Amino acid sequence: MQTIWIGGAEWLAVLRVGLGLWWLESWRHKDKKGWFERGTGIAWAADVAGKHKWGAVKSGFETVVAPRPKLMAYVVVYAELALGLGLISGFLTPIALLGGLLLNLLYLVLMIHDWAEQGQNAMMALISLVALLGMSWQTWSLDSAMGLFL
């Protein structure tokens with residue numbers, strides 16, 4: 001593979017780090033007090049799920065999220081932080097990429113009616129897939145330095 005400036009493996013690492021920064025920004029801009037103390041994030045998601053055109057989304061939300069809103073708020077917010085830090089540092093990268101892909105697909109399904117959100121989730125899912133299949137942890141990563149996921 002011929003590239004300009006740096007090699008293909010390095011470009012995959014740039015893509016991985018960029019995705020990590022995107023996740024970190026998603027975490028940074030969240031109103032954590034609202035999510036944790038007032039339950040605004042989960043309440044918003046409950047409203048979206050309750051009006052969803054797919055019954056499986058509503059029933060899945062009622063089964064998994066609704067019984068434990070406070071826990072799920074922490075899971076969502078800190079999953080985004082963990083994904084960002086893991087991808088930027090390249091630590092447990094395949095797990096972070098797969099987790100991010102699944103979270104973006106979950107967001108994509110939840111927000112299927114909101115095309116403004118779909119672009120972001122689709123692009124993040126695509127980057128996750130490319131970085132995963134391209135084994136982006138082989139360059140500029142703690143995984144590589146530690147000999148993980150060879």
# chains A, B, ... in the order shown; residues from 1 in each chain; ligands from 1
call {"tool": "residues_around", "arguments": {"residues": "Ile127 of chain A", "least_positions_apart": "3", "cutoff": "8 Å", "atoms": "only C-alpha atoms", "output": "list in words"}}
result
Leu15, Arg16, Leu19, Met123, Met124, Val130 and Ala131 of chain A
call {"tool": "select_by_dssp", "arguments": {"residues": "segment 52-116 of chain A", "states": "alpha helix (DSSP H)", "output": "VMD selection string"}}
result
chain A and resid 55 to 64 69 to 89 93 to 110 115 to 116
call {"tool": "atom_distance", "arguments": {"atom1": "atom CA of Phe149 of chain A", "atom2": "atom CA of Leu132 of chain A"}}
result
11.4 Å
call {"tool": "closest_residue", "arguments": {"among": "A:Leu148, A:Leu108, A:Glu10, A:Trp35", "to": "Gln120 of chain A", "atoms": "only C-alpha atoms"}}
result
A:Leu108
call {"tool": "closest_residue", "arguments": {"among": "A:Leu92, A:Val109, A:Leu85, A:Ala56", "to": "Arg28 of chain A", "atoms": "only C-alpha atoms"}}
result
A:Leu85
call {"tool": "closest_residue", "arguments": {"among": "A:Val65, A:Met111, A:Leu71, A:Ala49", "to": "Glu37 of chain A", "atoms": "only C-alpha atoms"}}
result
A:Leu71
call {"tool": "atom_distance", "arguments": {"atom1": "atom CA of Val75 of chain A", "atom2": "atom CA of Leu126 of chain A"}}
result
22.7 Å
call {"tool": "closest_residue", "arguments": {"among": "A:Pro69, A:Val57, A:Trp23, A:Thr63", "to": "Ala43 of chain A", "atoms": "only C-alpha atoms"}}
result
A:Pro69
